[in-house]
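Below is one structure, written out as C-alpha cells, with a few remarks after it.
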Amino acid sequence: MNRFDAYDPIAGVYNRHWGYFADSFYPVLDRLLLGDLPPGSAVLDLCCGTGQLAAVLSEKGYVVTGVDGSGGMIEIARRNAPDVEFLVQDVRELSLGGRFAAVFSTFDSLNHVMSLDELEQVFRNVHSVLDDGGHFEFDLNMEAGYMSRWRGSFGIVEDDHVCVARSSRVEEERIGRMDLTVFEKEGTGWKRTDVSLLQRWYPEGDIDERLQNAGFEEIRTFDEEDPILEGAQETGRMFFVARNCKDQHKHRWRGRVAICDTPSRFWRQ
C-alpha cells in the first residue's frame, strides 16, 4: 500500500464535496497554460482525483490522460469522464508511453509527497514525458497556508453520510495532518471510516532548486496577490509554472527566473 491509497475509502465523499475545485482551477489553467495549446493537444492530469477537471478538459477538446495513486478515486474518475484514459500509478514511479504538451497537478496534490528527494523524482518523471517547449503547472500549500487554514475542524452532514474533518500541524517537521471520520448509511446502520492524510510544506527556494535539478529551465511563481489567479486565490497557496524550453532557444535570466525567447501569449507578458 502507498500513501495515496488512503483516499480509497473516502473517494465517494471526496467526489461529492471536493470536486468543485475544477470550476475554479480550470480558468487559471486556461490563463497559465492552455491559451497557447490548440484542442487536440495531449495533456496529463497528475494526481487527477475523481476526474472532474479532466472531464472539463476533455469537453474542451484536449486529449487527456489522468493518473492517480488511488484506485478508488480512479474508479469514480472513469465514470465522471468516460472519454479520458485513467491510470492507477504512483506519481513517484510513473510509467507512461506517450509525451504531453502540458502536465499539471492541482489542489495541492503534490504536498502529499513527503520528502524533497521524492518530490524531485516526481519532477524528473514529469520532465521525461513533457514535450520540448511544454509546460508543467502545479500548486502547493506553503507554510502560510498551513498556519492560516490548517487549524480546527469542520463537519458535513447529509442524509446518507456525515464527515468530520480535523486539521493539525507539526511545525518543526513542516507536516500538516487531516484526520477524517466518515459515517455512511449502510442498510439499517452506519459504517464508520477513519482516514489520516499527511502533507508536507517546502520553502519556495527548495522547490525551485529541485525543479532545476530535474531539468526545468524556467520557473515562475504566482500567489494570492496575482490577478491571474482570480477565482483560485487562497492564502498560502502558490502556483508554480515551469517550462521545458528547446535547447536551441536562447534564455535571458531575470533573477532566479529564466525567460525563454519562444513566442508565447503568457510568457511574453
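Here, A, B, ... name the chains of the C-alpha cells in the order displayed, residue numbers run from 1 inside each chain, and ligands are numbered from 1 in the same displayed order.
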Counting only C-alpha atoms, which residues of range 162-192 of chain A sit at most 10 Å from some atom of range 198-216 of chain A, and what is each one's closest atom pair with its distance in Å to one decimal, listed by chain and rising residue number, as a Markdown table?
```
| residue | atom | partner | partner_atom | distance |
| --- | --- | --- | --- | --- |
| A:Ser167 | CA | A:Leu198 | CA | 9.9 |
| A:Ser168 | CA | A:Leu198 | CA | 9.8 |
| A:Arg169 | CA | A:Gln199 | CA | 9.2 |
| A:Val170 | CA | A:Arg200 | CA | 9.5 |
| A:Glu171 | CA | A:Trp201 | CA | 9.6 |
| A:Glu173 | CA | A:Arg200 | CA | 8.0 |
| A:Arg174 | CA | A:Arg200 | CA | 5.5 |
| A:Ile175 | CA | A:Arg200 | CA | 4.5 |
| A:Gly176 | CA | A:Gln199 | CA | 5.0 |
| A:Arg177 | CA | A:Leu198 | CA | 4.7 |
| A:Met178 | CA | A:Leu198 | CA | 6.5 |
| A:Asp179 | CA | A:Leu198 | CA | 8.8 |
```
Exercise for review: Just the residues within 12 Å of Val13 in chain A, please, counting only C-alpha atoms, with nothing from its chain fewer than 6 positions along; format it as an MDAnalysis selection string.
Suggested key: chainID A and resid 7 19 49:50 72:73 76 156:158 160:165 180:184 193
Practice item. From the DSSP assignment of the backbone, select every residue of range 94-244 of chain A that is helix (DSSP H, G or I), and format the answer as a PyMOL selection string. Key: chain A and resi 109-112+116-129+143-149+171-173+204-213+227-229
Practice item. Show which residues sit within 9 Å of Asp83 in chain A, as JSON, numbers by chain. Count only C-alpha atoms, and ignore same-chain residues fewer than 5 positions away. Key: {"A": [55, 58, 63, 64, 78]}
**Study point:** Surrounding residues of Leu44 in chain A excluding itself and chain neighbours under 3 positions, 10 Å, only C-alpha atoms, as a VMD selection string
**Key:** chain A and resid 47 to 48 54 62 to 67 85 to 86 98 to 105 126 129 to 130 136
Exercise for review: Taking the chain letters and numbering used in this document, name the residues of range 72-163 of chain A that DSSP puts in strand (DSSP E), as a PyMOL selection string.
Suggested key: chain A and resi 85-88+100-105+130-141+152-157+161-163
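The coordinates place CA of Pro227 in chain A at 28.5 Å from CA of Val122 in chain A.
You will find CA of Val91 in chain A at 7.0 Å from CA of Gly69 in chain A.
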Check your understanding: A:Ala77, A:Ile10, A:Val113, A:Val28: which is nearest Lys191 in chain A, counting only C-alpha atoms?
Key ->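 Ranked by minimum distance to Lys191 in chain A, first place goes to A:Ile10.
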Exercise for review: Find, counting only C-alpha atoms, the residue in A:Glu234, A:Asp30, A:Glu218, A:Asp8 that gets nearest to Gly134 in chain A.
Suggested key: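 Among the listed residues, the smallest separation from Gly134 in chain A belongs to A:Glu218.
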Review point. Could you name the residues that touch Gly231 in chain A at 7 Å or less, counting only C-alpha atoms, but leaving out those on the same chain fewer than 2 positions away, as a PyMOL selection string?
Key: chain A and resi 24+229+233
Okay, now the selection with N, CA and C atoms, as a short mmCIF file (atom, residue, chain, number, x, y, z; two decimals), in the first residue's frame?
```cif
data_model
loop_
_atom_site.label_atom_id
_atom_site.label_comp_id
_atom_site.auth_asym_id
_atom_site.auth_seq_id
_atom_site.Cartn_x
_atom_site.Cartn_y
_atom_site.Cartn_z
N SER A 24 -13.05 26.35 -10.28
CA SER A 24 -12.18 27.49 -10.06
C SER A 24 -10.80 27.30 -10.67
N LEU A 229 -4.63 34.67 -10.98
CA LEU A 229 -5.21 33.54 -10.24
C LEU A 229 -6.64 33.80 -9.80
N GLN A 233 -7.67 32.09 -5.79
CA GLN A 233 -6.76 32.69 -4.83
C GLN A 233 -7.09 32.22 -3.42
#
```
Check your understanding: Of the candidates A:Asp45, A:Ala11, A:Asn80, A:Arg243, which shows the shortest atom-to-atom distance to His127 in chain A, using only C-alpha atoms?
Key -> A:Arg243
